[in-house]
>>> print(open('data-v8.csv').read())   # CSV, C-alpha atoms
chain,number,residue,atom,x,y,z
H,1,MET,CA,-21.5,-45.8,53.2
H,2,LYS,CA,-20.6,-49.3,54.4
H,3,GLY,CA,-17.3,-50.6,53.0
H,4,ARG,CA,-15.7,-47.2,52.7
H,5,LYS,CA,-13.2,-45.6,55.0
H,6,ARG,CA,-12.3,-41.9,54.5
H,7,GLY,CA,-13.3,-42.0,50.9
H,8,ILE,CA,-11.3,-45.1,49.9
H,9,PRO,CA,-13.4,-48.2,48.9
H,10,SER,CA,-12.3,-51.2,51.0
H,11,TYR,CA,-12.2,-53.5,48.0
H,12,VAL,CA,-9.4,-51.5,46.3
H,13,SER,CA,-6.3,-53.7,46.5
H,14,ASP,CA,-2.7,-53.2,45.4
H,15,GLN,CA,-3.3,-55.6,42.5
H,16,PHE,CA,-6.5,-53.6,41.4
H,17,VAL,CA,-4.5,-50.4,41.3
H,18,ALA,CA,-1.7,-52.0,39.3
H,19,GLU,CA,-4.2,-53.4,36.8
H,20,ILE,CA,-5.8,-50.0,36.4
H,21,GLY,CA,-2.4,-48.5,35.8
H,22,HIS,CA,-1.7,-51.1,33.2
H,23,GLU,CA,-4.9,-50.6,31.3
H,24,LEU,CA,-4.6,-46.8,31.4
H,25,GLY,CA,-1.1,-47.2,29.9
H,26,ASN,CA,-2.5,-49.0,26.9
H,27,VAL,CA,-5.1,-46.4,26.3
H,28,LEU,CA,-2.6,-43.6,26.7
H,29,ASN,CA,-0.2,-45.2,24.2
H,30,GLY,CA,-3.0,-45.2,21.6
H,31,LEU,CA,-3.8,-41.5,22.3
H,32,LEU,CA,-0.2,-40.4,22.0
H,33,GLY,CA,0.2,-42.5,18.9
H,34,MET,CA,-2.7,-40.7,17.2
H,35,ALA,CA,-1.3,-37.4,18.3
H,36,ARG,CA,1.9,-38.2,16.4
H,37,LEU,CA,-0.2,-39.0,13.3
H,38,VAL,CA,-2.0,-35.7,13.6
H,39,ARG,CA,1.3,-33.8,13.8
H,40,GLU,CA,2.5,-35.5,10.6
H,41,SER,CA,-0.7,-34.4,8.8
H,42,GLY,CA,0.4,-30.8,8.6
H,43,LEU,CA,-0.8,-28.2,11.0
H,44,SER,CA,-0.9,-24.4,11.4
H,45,ALA,CA,1.3,-22.8,14.0
H,46,GLU,CA,-1.7,-22.4,16.4
H,47,GLN,CA,-2.8,-26.0,15.9
H,48,ASP,CA,0.8,-27.2,16.6
H,49,ARG,CA,0.8,-25.3,19.9
H,50,TRP,CA,-2.4,-26.9,21.0
H,51,LEU,CA,-1.2,-30.4,20.0
H,52,LYS,CA,2.0,-29.8,21.9
H,53,ALA,CA,-0.1,-29.1,25.0
H,54,ILE,CA,-2.0,-32.4,24.4
H,55,GLU,CA,1.3,-34.3,24.1
H,56,GLN,CA,2.8,-32.8,27.2
H,57,SER,CA,-0.4,-33.6,29.2
H,58,GLY,CA,-0.1,-37.1,27.8
H,59,ARG,CA,3.5,-37.5,28.9
H,60,GLN,CA,2.6,-36.2,32.3
H,61,LEU,CA,-0.1,-38.9,32.6
H,62,ARG,CA,2.3,-41.5,31.4
H,63,CYS,CA,4.7,-40.7,34.2
H,64,LEU,CA,1.9,-41.0,36.7
H,65,VAL,CA,0.8,-44.3,35.2
H,66,ASP,CA,4.4,-45.7,35.3
H,67,THR,CA,4.4,-44.8,39.0
H,68,PHE,CA,1.2,-46.9,39.5
H,69,ARG,CA,2.8,-49.8,37.7
H,70,GLN,CA,5.8,-49.7,40.0
H,71,GLY,CA,3.5,-49.8,43.1
H,72,PRO,CA,0.4,-48.2,44.4
H,73,ALA,CA,0.9,-44.6,45.6
H,74,ARG,CA,-0.8,-43.8,48.9
H,75,PRO,CA,-1.1,-40.5,50.7
H,76,GLY,CA,2.0,-40.0,52.8
H,77,ASP,CA,4.3,-42.1,50.6
H,78,GLY,CA,7.6,-40.6,49.7
H,79,THR,CA,7.7,-38.6,46.4
H,80,ARG,CA,10.8,-39.0,44.2
H,81,TYR,CA,12.6,-35.8,43.2
H,82,CYS,CA,14.5,-35.9,39.9
H,83,PRO,CA,15.8,-32.4,39.1
H,84,ALA,CA,16.9,-31.5,35.6
H,85,PRO,CA,17.3,-28.3,33.4
H,86,LEU,CA,14.0,-27.2,31.9
H,87,ASP,CA,12.4,-24.2,30.1
H,88,GLY,CA,10.3,-22.9,32.9
H,89,VAL,CA,8.3,-20.4,30.9
H,90,ASP,CA,7.4,-23.0,28.3
H,91,LEU,CA,6.2,-25.3,31.1
H,92,LEU,CA,3.9,-22.5,32.5
H,93,GLU,CA,2.5,-21.7,29.0
H,94,GLN,CA,1.7,-25.4,28.3
H,95,LEU,CA,-0.1,-25.6,31.6
H,96,LEU,CA,-2.3,-22.6,30.7
H,97,LEU,CA,-3.1,-24.1,27.4
H,98,ALA,CA,-4.1,-27.4,29.0
H,99,HIS,CA,-6.4,-25.7,31.5
H,100,ALA,CA,-7.9,-23.2,28.9
H,101,PRO,CA,-10.9,-25.5,28.0
H,102,SER,CA,-11.9,-25.8,31.6
H,103,ALA,CA,-11.7,-22.1,32.1
H,104,ARG,CA,-13.9,-21.5,29.1
H,105,ALA,CA,-16.4,-24.1,30.2
H,106,ARG,CA,-16.9,-22.0,33.4
H,107,ALA,CA,-16.8,-18.6,31.7
H,108,ASN,CA,-13.5,-17.8,33.5
H,109,ARG,CA,-10.7,-15.7,32.3
H,110,LEU,CA,-7.3,-17.4,32.7
H,111,TRP,CA,-4.2,-15.2,32.9
H,112,LEU,CA,-0.4,-15.8,33.1
H,113,ALA,CA,1.9,-13.0,34.4
H,114,VAL,CA,5.6,-13.9,34.1
H,115,SER,CA,7.9,-11.3,35.5
H,116,PRO,CA,10.1,-9.7,32.8
H,117,GLU,CA,13.2,-10.4,35.0
H,118,LEU,CA,12.5,-14.1,35.4
H,119,PRO,CA,14.9,-16.3,33.4
H,120,ARG,CA,13.6,-19.1,31.3
H,121,ARG,CA,16.2,-21.7,32.4
H,122,TRP,CA,15.2,-23.5,35.6
H,123,VAL,CA,16.5,-26.6,37.4
H,124,SER,CA,13.8,-28.7,39.0
H,125,ASP,CA,11.6,-31.7,38.5
H,126,ALA,CA,9.2,-30.9,35.7
H,127,LEU,CA,6.8,-33.7,36.5
H,128,LEU,CA,6.4,-32.5,40.1
H,129,LEU,CA,6.1,-28.8,39.1
H,130,ARG,CA,3.4,-29.6,36.6
H,131,GLN,CA,1.6,-31.8,39.1
H,132,LEU,CA,1.7,-29.1,41.7
H,133,LEU,CA,0.4,-26.4,39.4
H,134,ASP,CA,-2.2,-28.7,37.8
H,135,ASN,CA,-3.8,-29.2,41.2
H,136,LEU,CA,-3.7,-25.5,42.2
H,137,LEU,CA,-5.1,-24.3,38.8
H,138,GLY,CA,-7.7,-27.1,38.8
H,139,ASN,CA,-8.9,-26.1,42.3
H,140,ALA,CA,-9.0,-22.4,41.4
H,141,LEU,CA,-11.0,-23.1,38.2
H,142,LYS,CA,-13.4,-25.5,40.0
H,143,TYR,CA,-14.4,-23.0,42.6
H,144,THR,CA,-14.6,-20.0,40.3
H,145,ARG,CA,-17.5,-19.2,37.9
H,146,SER,CA,-17.5,-16.2,35.5
H,147,GLY,CA,-14.4,-14.8,37.2
H,148,GLU,CA,-10.6,-14.7,36.9
H,149,VAL,CA,-7.8,-17.1,37.7
H,150,VAL,CA,-4.2,-15.8,37.6
H,151,LEU,CA,-0.9,-17.6,37.7
H,152,LYS,CA,2.0,-15.4,38.5
H,153,ALA,CA,5.7,-16.4,38.4
H,154,GLU,CA,8.6,-14.3,39.7
H,155,ALA,CA,11.9,-14.5,41.4
H,156,LEU,CA,12.0,-14.0,45.2
H,157,ALA,CA,13.3,-10.5,45.8
H,158,ASP,CA,15.9,-9.4,48.3
H,159,ASP,CA,16.4,-12.7,50.1
H,160,PRO,CA,20.0,-13.9,49.9
H,161,GLY,CA,19.2,-16.8,52.1
H,162,ARG,CA,17.1,-18.4,49.3
H,163,ARG,CA,19.2,-17.7,46.3
H,164,GLY,CA,17.6,-18.8,43.1
H,165,ALA,CA,14.1,-19.0,44.7
H,166,LEU,CA,11.0,-19.1,42.5
H,167,VAL,CA,7.7,-17.7,43.6
H,168,LEU,CA,4.5,-19.1,42.1
H,169,VAL,CA,1.2,-17.5,43.0
H,170,VAL,CA,-2.3,-18.8,42.0
H,171,THR,CA,-5.1,-16.4,42.7
H,172,ASP,CA,-8.9,-16.8,41.9
H,173,SER,CA,-12.0,-14.7,42.4
H,174,GLY,CA,-14.1,-17.6,43.8
H,175,PRO,CA,-15.9,-17.8,47.2
H,176,GLY,CA,-12.6,-17.8,49.1
H,177,ILE,CA,-11.4,-20.0,52.0
H,178,GLN,CA,-13.4,-20.5,55.2
H,179,PRO,CA,-11.2,-19.2,58.1
H,180,GLU,CA,-12.1,-22.2,60.3
H,181,LEU,CA,-10.7,-24.6,57.7
H,182,GLY,CA,-7.3,-23.1,58.0
H,183,GLU,CA,-4.3,-25.5,57.7
H,184,ARG,CA,-6.7,-28.4,57.8
H,185,MET,CA,-7.2,-27.9,54.0
H,186,PHE,CA,-3.8,-29.5,53.5
H,187,ARG,CA,-4.8,-32.8,55.2
H,188,ALA,CA,-5.7,-35.9,53.1
H,189,TYR,CA,-9.4,-36.2,52.3
H,190,GLU,CA,-10.2,-32.9,53.9
H,191,ARG,CA,-12.9,-31.3,51.7
H,192,GLY,CA,-14.1,-27.8,51.5
H,193,PRO,CA,-17.6,-26.7,50.6
H,194,ALA,CA,-19.0,-27.9,47.3
H,195,SER,CA,-18.2,-25.7,44.3
H,196,PRO,CA,-21.1,-23.8,42.8
H,197,ARG,CA,-23.4,-25.9,40.7
H,198,ASP,CA,-21.3,-29.0,41.4
H,199,GLU,CA,-22.6,-31.9,43.4
H,200,SER,CA,-19.2,-32.7,44.9
H,201,SER,CA,-16.1,-30.8,45.7
H,202,GLY,CA,-13.9,-33.8,45.0
H,203,CYS,CA,-12.2,-36.3,47.3
H,204,GLY,CA,-10.0,-33.8,49.2
H,205,LEU,CA,-6.6,-34.9,48.0
H,206,GLY,CA,-5.5,-31.9,45.7
H,207,LEU,CA,-4.0,-29.6,48.4
H,208,PHE,CA,-2.6,-32.5,50.3
H,209,ILE,CA,-0.7,-33.6,47.2
H,210,CYS,CA,0.4,-30.0,46.7
H,211,GLN,CA,1.9,-29.7,50.1
H,212,ARG,CA,3.6,-33.1,49.8
H,213,ILE,CA,5.2,-32.0,46.5
H,214,VAL,CA,6.3,-28.6,47.9
H,215,GLN,CA,7.9,-30.3,50.9
H,216,THR,CA,9.7,-32.7,48.5
H,217,LEU,CA,11.0,-29.6,46.5
H,218,GLY,CA,12.2,-28.0,49.8
H,219,GLY,CA,9.8,-25.1,49.6
H,220,VAL,CA,6.8,-23.7,51.4
H,221,ILE,CA,3.1,-23.2,50.5
H,222,GLU,CA,0.9,-20.5,52.0
H,223,TRP,CA,-2.7,-19.5,51.6
H,224,SER,CA,-4.4,-16.1,52.0
H,225,THR,CA,-7.6,-14.3,51.1
H,226,PRO,CA,-7.0,-11.2,49.0
H,227,ALA,CA,-8.7,-8.0,49.8
H,228,GLY,CA,-10.9,-8.3,46.8
H,229,GLY,CA,-12.1,-11.8,47.8
H,230,GLY,CA,-11.3,-15.2,46.4
H,231,ALA,CA,-8.3,-17.4,47.4
H,232,GLN,CA,-4.6,-17.2,46.9
H,233,PHE,CA,-1.9,-19.8,47.2
H,234,THR,CA,1.8,-18.8,47.2
H,235,VAL,CA,4.5,-21.4,46.7
H,236,THR,CA,8.2,-20.5,47.3
H,237,LEU,CA,10.7,-23.0,45.9
H,238,PRO,CA,14.4,-22.4,46.6
H,239,GLY,CA,17.2,-23.2,44.1
H,240,VAL,CA,15.0,-23.5,41.0
H,241,LEU,CA,16.4,-20.5,39.0
H,242,ALA,CA,19.6,-21.6,37.3
H,243,GLU,CA,20.4,-18.0,36.2
H,244,ALA,CA,20.5,-14.8,38.2
H,245,PRO,CA,17.2,-12.8,37.9
H,246,THR,CA,18.2,-9.8,35.8
H,247,ARG,CA,16.3,-7.8,33.3
H,248,PRO,CA,17.0,-9.5,30.0
H,249,ALA,CA,18.4,-7.5,27.1
H,250,PHE,CA,15.8,-8.6,24.5
H,251,GLN,CA,16.6,-8.0,20.9
H,252,PRO,CA,13.3,-7.9,19.0
H,253,SER,CA,13.3,-8.0,15.2
H,254,ARG,CA,13.5,-4.7,13.4
H,255,SER,CA,9.8,-4.9,12.6
H,256,LEU,CA,8.9,-5.3,16.3
H,257,GLN,CA,11.1,-2.4,17.2
H,258,ALA,CA,8.6,-0.2,15.4
H,259,VAL,CA,5.7,-1.2,17.6
H,260,GLU,CA,4.3,1.0,20.3
H,261,CYS,CA,1.5,-0.6,22.3
H,262,ARG,CA,-1.4,1.0,24.1
H,263,LEU,CA,-3.2,-1.2,26.6
H,264,GLU,CA,-6.9,-0.3,27.0
H,265,LEU,CA,-7.1,-3.0,29.7
H,266,GLN,CA,-7.4,-3.1,33.4
H,267,GLY,CA,-6.4,-5.4,36.3
H,268,ALA,CA,-5.1,-8.9,35.6
H,269,ALA,CA,-5.6,-8.5,31.8
H,270,ARG,CA,-3.3,-5.5,31.8
H,271,ARG,CA,-0.6,-7.1,34.0
H,272,SER,CA,-0.6,-10.2,31.9
H,273,VAL,CA,-0.2,-8.4,28.5
H,274,ALA,CA,2.3,-5.9,30.0
H,275,CYS,CA,4.5,-8.8,31.2
H,276,CYS,CA,4.4,-10.5,27.7
H,277,LEU,CA,5.3,-7.2,26.0
H,278,ALA,CA,8.2,-6.6,28.3
H,279,ARG,CA,9.5,-10.1,27.8
H,280,LEU,CA,9.2,-9.6,24.0
H,281,GLY,CA,11.0,-6.3,24.2
H,282,VAL,CA,8.1,-4.4,22.8
H,283,ALA,CA,7.4,-0.9,24.0
H,284,GLU,CA,4.3,0.1,25.9
H,285,SER,CA,3.4,3.8,25.6
H,286,THR,CA,0.6,6.2,26.4
H,287,LEU,CA,-1.3,7.9,23.6
H,288,GLU,CA,0.6,11.2,24.4
H,289,GLU,CA,3.9,9.5,23.9
H,290,LEU,CA,2.8,8.1,20.6
H,291,SER,CA,1.7,11.4,19.3
H,292,ASP,CA,4.8,13.2,20.6
H,293,CYS,CA,7.0,10.6,18.8
H,294,ALA,CA,5.2,11.0,15.5
H,295,SER,CA,5.3,14.8,15.9
H,296,ASP,CA,9.0,14.8,16.4
H,297,GLU,CA,9.5,13.0,13.1
H,298,THR,CA,7.2,15.3,11.1
H,299,THR,CA,8.5,18.6,12.6
H,300,GLY,CA,12.2,17.8,12.7
H,301,GLY,CA,12.3,17.8,16.5
H,302,SER,CA,14.4,15.6,18.8
H,303,THR,CA,15.3,12.1,17.6
H,304,PRO,CA,12.5,9.7,18.3
H,305,ARG,CA,13.0,6.7,20.5
H,306,ARG,CA,13.0,4.4,17.4
H,307,ASN,CA,14.2,4.9,13.8
H,308,LEU,CA,10.9,3.8,12.3
H,309,THR,CA,7.6,5.6,12.3
H,310,PRO,CA,5.9,4.0,15.3
H,311,ILE,CA,3.1,1.6,14.6
H,312,ALA,CA,0.4,2.0,17.2
H,313,VAL,CA,-1.2,-1.3,18.4
H,314,PHE,CA,-4.2,-1.0,20.7
H,315,PHE,CA,-5.2,-3.8,23.0
H,316,SER,CA,-8.8,-4.0,24.2
H,317,GLU,CA,-11.1,-6.8,25.6
H,318,MET,CA,-13.8,-8.0,23.3
H,319,PRO,CA,-17.2,-8.5,24.9
H,320,ILE,CA,-18.3,-12.1,25.3
H,321,GLU,CA,-20.2,-13.0,22.1
H,322,SER,CA,-23.2,-15.2,21.8
H,323,GLY,CA,-22.1,-18.9,22.0
H,324,LEU,CA,-18.7,-18.1,23.4
H,325,SER,CA,-17.9,-18.6,27.0
H,326,SER,CA,-14.8,-16.5,27.4
H,327,ALA,CA,-13.8,-13.0,26.2
H,328,SER,CA,-10.9,-12.5,23.8
H,329,LEU,CA,-8.6,-9.6,23.1
H,330,LEU,CA,-8.7,-7.4,20.1
H,331,LEU,CA,-5.4,-6.0,18.7
H,332,ARG,CA,-6.0,-3.2,16.2
H,333,VAL,CA,-3.5,-1.0,14.4
H,334,GLU,CA,-4.3,2.7,14.0
H,335,SER,CA,-2.7,5.4,11.9
H,336,PRO,CA,-1.7,8.8,13.4
H,337,ASP,CA,-5.0,10.3,12.2
H,338,GLY,CA,-7.0,7.5,13.9
H,339,ARG,CA,-7.8,5.3,11.0
H,340,VAL,CA,-7.9,1.5,11.7
H,341,LEU,CA,-5.4,-0.2,9.4
H,342,GLY,CA,-5.9,-3.8,10.6
H,343,GLY,CA,-6.8,-6.0,13.5
H,344,LYS,CA,-6.3,-9.4,15.0
H,345,ARG,CA,-8.2,-11.4,17.6
H,346,LEU,CA,-6.2,-13.2,20.3
H,347,ASP,CA,-8.0,-15.9,22.3
H,348,GLN,CA,-7.1,-16.5,25.9
H,349,PRO,CA,-4.8,-17.4,27.5
H,350,VAL,CA,-2.5,-14.6,26.4
H,351,LEU,CA,1.0,-16.1,26.1
H,352,GLU,CA,4.4,-14.8,25.1
H,353,SER,CA,4.7,-17.5,22.4
H,354,SER,CA,1.4,-16.6,20.7
H,355,LEU,CA,1.5,-12.8,21.2
H,356,GLY,CA,4.9,-12.4,19.5
H,357,PRO,CA,3.9,-14.0,16.1
H,358,LEU,CA,0.5,-12.2,16.2
H,359,LEU,CA,2.2,-8.8,16.6
H,360,LEU,CA,4.6,-9.5,13.9
H,361,GLU,CA,1.8,-10.4,11.5
H,362,LEU,CA,0.1,-7.1,12.3
H,363,VAL,CA,3.3,-5.1,11.8
H,364,LEU,CA,4.1,-6.8,8.5
H,365,GLU,CA,0.6,-6.1,7.2
H,366,CYS,CA,0.9,-2.5,8.2
H,367,LEU,CA,4.3,-2.1,6.6
H,368,TRP,CA,3.0,-3.6,3.4
H,369,LEU,CA,0.1,-1.1,3.4
H,370,ARG,CA,2.6,1.8,3.9
H,371,HIS,CA,4.7,0.5,1.0
H,372,ALA,CA,1.7,0.0,-1.2
H,373,ALA,CA,0.3,3.5,-0.5
H,374,PRO,CA,3.2,5.8,0.6
H,375,ASP,CA,1.2,8.9,0.0
H,376,SER,CA,-1.8,7.9,2.0
H,377,GLY,CA,-0.5,9.6,5.2
H,378,SER,CA,-0.6,6.3,7.2
>>> encode(input="data-v8.csv", output="structure tokens")
Amino acid sequence: MKGRKRGIPSYVSDQFVAEIGHELGNVLNGLLGMARLVRESGLSAEQDRWLKAIEQSGRQLRCLVDTFRQGPARPGDGTRYCPAPLDGVDLLEQLLLAHAPSARARANRLWLAVSPELPRRWVSDALLLRQLLDNLLGNALKYTRSGEVVLKAEALADDPGRRGALVLVVTDSGPGIQPELGERMFRAYERGPASPRDESSGCGLGLFICQRIVQTLGGVIEWSTPAGGGAQFTVTLPGVLAEAPTRPAFQPSRSLQAVECRLELQGAARRSVACCLARLGVAESTLEELSDCASDETTGGSTPRRNLTPIAVFFSEMPIESGLSSASLLLRVESPDGRVLGGKRLDQPVLESSLGPLLLELVLECLWLRHAAPDSGS
């Protein structure tokens, strides 16, 4: 179209960009102000978590708007790097919460798999990390329909030359990457094929911005096509982990020490939940191990792994219901004789911060039932 060059309208001036940044800042101030009023109105724990995700997204946008006010950012401009200590796992969980509505709108399942050995304390630029993952997750969700998108985080193994290196992997089950596109996908305004049912695949800046951020952070970004199809982007960032990657000695509450979980899940769902349980210090057992442990207590056999009678919590995926665009998980508690004692529904994404309180609710309800009916055999 006349008056456009490589996707940029010719009439866009530095002053125009600065004015847009100024007006966006005014709107954003109003939104964040209303968010504060909502917080003061009294919220449930789940509502508070979602509001926190809104506020963090707003702060992210405010940083970007402030950059516009200082001067227009153009592809190829330098990116400022301001490292500081941060809670890395919390950053990843807030990202998943922010992208959950987009995943549901496309009937996608969104999973987070954080290695049990990965420390929470990182040193990096939270703004750049979030901008990087926002683009990678946004791309993955845009090109995937009725599929899965997985964000995995782990420490780089067996590489003393990159001490403290963090590895972030985003995998989707979309149409994949055309081999002929190759490294050209990281160029500015280089667009891939249109996503399903979308009229446009965007302006072609997402992966270019990702590469620029990764270079600023001193890392590398690589792409591949998994054997099962889709696309995978792997980012390796040196010097991010402030603590040595060691398996943490989690100390769950006495109530959670009684939990033995059985995962009736497969693939990414199982990996995601298993990582959460490991980080919470909750045991994952097979059905045989559960029955053996209960048998030892009733027959006077060897000392069981835990001092309390194990509470069996079963995880299974719920089928997508009418009117819902994404499946949820069902957590149910069963007695040794197979009776269902209680259940909870866990909507995606499955996060360490939401799974822990939900398990505790189930366990406390089960313990209350045992206390109320000690002769019921449960």
>>> closest_residue(input="data-v8.csv", among="H:Pro336, H:Asn139, H:Leu51, H:Ser316", to="Val38 (chain H)", atoms="only C-alpha atoms")
H:Leu51
>>> closest_residue(input="data-v8.csv", among="H:Lys344, H:Arg212, H:Lys152, H:Arg332", to="Leu118 (chain H)", atoms="all atoms listed in the file")
H:Lys152
>>> closest_residue(input="data-v8.csv", among="H:Glu46, H:Asp172, H:Glu260, H:Glu117", to="Trp223 (chain H)", atoms="only C-alpha atoms")
H:Asp172
>>> closest_residue(input="data-v8.csv", among="H:Leu341, H:Ile311, H:Leu346, H:Ser272", to="Pro116 (chain H)", atoms="only C-alpha atoms")
H:Ser272
>>> atom_distance(input="data-v8.csv", atom1="CA of Leu136 (chain H)", atom2="CA of Pro101 (chain H)")
15.9 Å
>>> closest_residue(input="data-v8.csv", among="H:Leu92, H:Leu280, H:Ala140, H:Val220", to="Gly206 (chain H)", atoms="all atoms listed in the file")
H:Ala140
>>> residues_around(input="data-v8.csv", residues="Glu352 (chain H)", least_positions_apart="5", cutoff="9 Å", atoms="only C-alpha atoms", output="ChimeraX atom specification")
/H:89,93,273,275-277,279-280
>>> residues_around(input="data-v8.csv", residues="Val240 (chain H)", least_positions_apart="3", cutoff="9 Å", atoms="all atoms listed in the file", output="ChimeraX atom specification")
/H:121-124,163-166,237
>>> atom_distance(input="data-v8.csv", atom1="CA of Ala103 (chain H)", atom2="CA of Thr216 (chain H)")
29.0 Å
>>> atom_distance(input="data-v8.csv", atom1="CA of Val350 (chain H)", atom2="CA of Glu365 (chain H)")
21.2 Å
>>> build_atoms(input="data-v8.csv", residues="region 344-356 of chain H", atoms="N, CA, C and O atoms", output="mmCIF file, keeping the file's coordinate frame")
data_model
loop_
_atom_site.group_PDB
_atom_site.id
_atom_site.type_symbol
_atom_site.label_atom_id
_atom_site.label_comp_id
_atom_site.auth_asym_id
_atom_site.auth_seq_id
_atom_site.Cartn_x
_atom_site.Cartn_y
_atom_site.Cartn_z
ATOM 1 N N LYS H 344 -6.423 -8.006 14.731
ATOM 2 C CA LYS H 344 -6.300 -9.400 15.000
ATOM 3 C C LYS H 344 -7.009 -9.768 16.282
ATOM 4 O O LYS H 344 -7.060 -8.959 17.217
ATOM 5 N N ARG H 345 -7.543 -10.967 16.334
ATOM 6 C CA ARG H 345 -8.200 -11.400 17.600
ATOM 7 C C ARG H 345 -7.245 -12.425 18.244
ATOM 8 O O ARG H 345 -6.668 -13.309 17.607
ATOM 9 N N LEU H 346 -7.087 -12.283 19.561
ATOM 10 C CA LEU H 346 -6.200 -13.200 20.300
ATOM 11 C C LEU H 346 -7.058 -13.835 21.423
ATOM 12 O O LEU H 346 -7.547 -13.181 22.342
ATOM 13 N N ASP H 347 -7.253 -15.137 21.285
ATOM 14 C CA ASP H 347 -8.000 -15.900 22.300
ATOM 15 C C ASP H 347 -7.169 -16.130 23.520
ATOM 16 O O ASP H 347 -5.948 -16.223 23.452
ATOM 17 N N GLN H 348 -7.831 -16.252 24.647
ATOM 18 C CA GLN H 348 -7.100 -16.500 25.900
ATOM 19 C C GLN H 348 -6.738 -18.013 25.941
ATOM 20 O O GLN H 348 -7.386 -18.855 25.301
ATOM 21 N N PRO H 349 -5.666 -18.317 26.691
ATOM 22 C CA PRO H 349 -4.800 -17.400 27.500
ATOM 23 C C PRO H 349 -3.841 -16.642 26.616
ATOM 24 O O PRO H 349 -3.426 -17.123 25.556
ATOM 25 N N VAL H 350 -3.460 -15.446 27.082
ATOM 26 C CA VAL H 350 -2.500 -14.600 26.400
ATOM 27 C C VAL H 350 -1.088 -15.116 26.791
ATOM 28 O O VAL H 350 -0.735 -15.095 27.966
ATOM 29 N N LEU H 351 -0.308 -15.557 25.815
ATOM 30 C CA LEU H 351 1.000 -16.100 26.100
ATOM 31 C C LEU H 351 2.057 -15.419 25.246
ATOM 32 O O LEU H 351 1.777 -14.946 24.137
ATOM 33 N N GLU H 352 3.264 -15.388 25.771
ATOM 34 C CA GLU H 352 4.400 -14.800 25.100
ATOM 35 C C GLU H 352 4.589 -15.442 23.693
ATOM 36 O O GLU H 352 4.840 -14.774 22.694
ATOM 37 N N SER H 353 4.457 -16.759 23.641
ATOM 38 C CA SER H 353 4.700 -17.500 22.400
ATOM 39 C C SER H 353 3.663 -17.275 21.342
ATOM 40 O O SER H 353 3.918 -17.487 20.159
ATOM 41 N N SER H 354 2.461 -16.853 21.726
ATOM 42 C CA SER H 354 1.400 -16.600 20.700
ATOM 43 C C SER H 354 1.316 -15.089 20.420
ATOM 44 O O SER H 354 0.991 -14.714 19.288
ATOM 45 N N LEU H 355 1.606 -14.229 21.394
ATOM 46 C CA LEU H 355 1.500 -12.800 21.200
ATOM 47 C C LEU H 355 2.570 -12.287 20.220
ATOM 48 O O LEU H 355 2.297 -11.438 19.360
ATOM 49 N N GLY H 356 3.798 -12.805 20.343
ATOM 50 C CA GLY H 356 4.900 -12.400 19.500
ATOM 51 C C GLY H 356 4.585 -12.538 18.008
ATOM 52 O O GLY H 356 4.639 -11.567 17.222
#
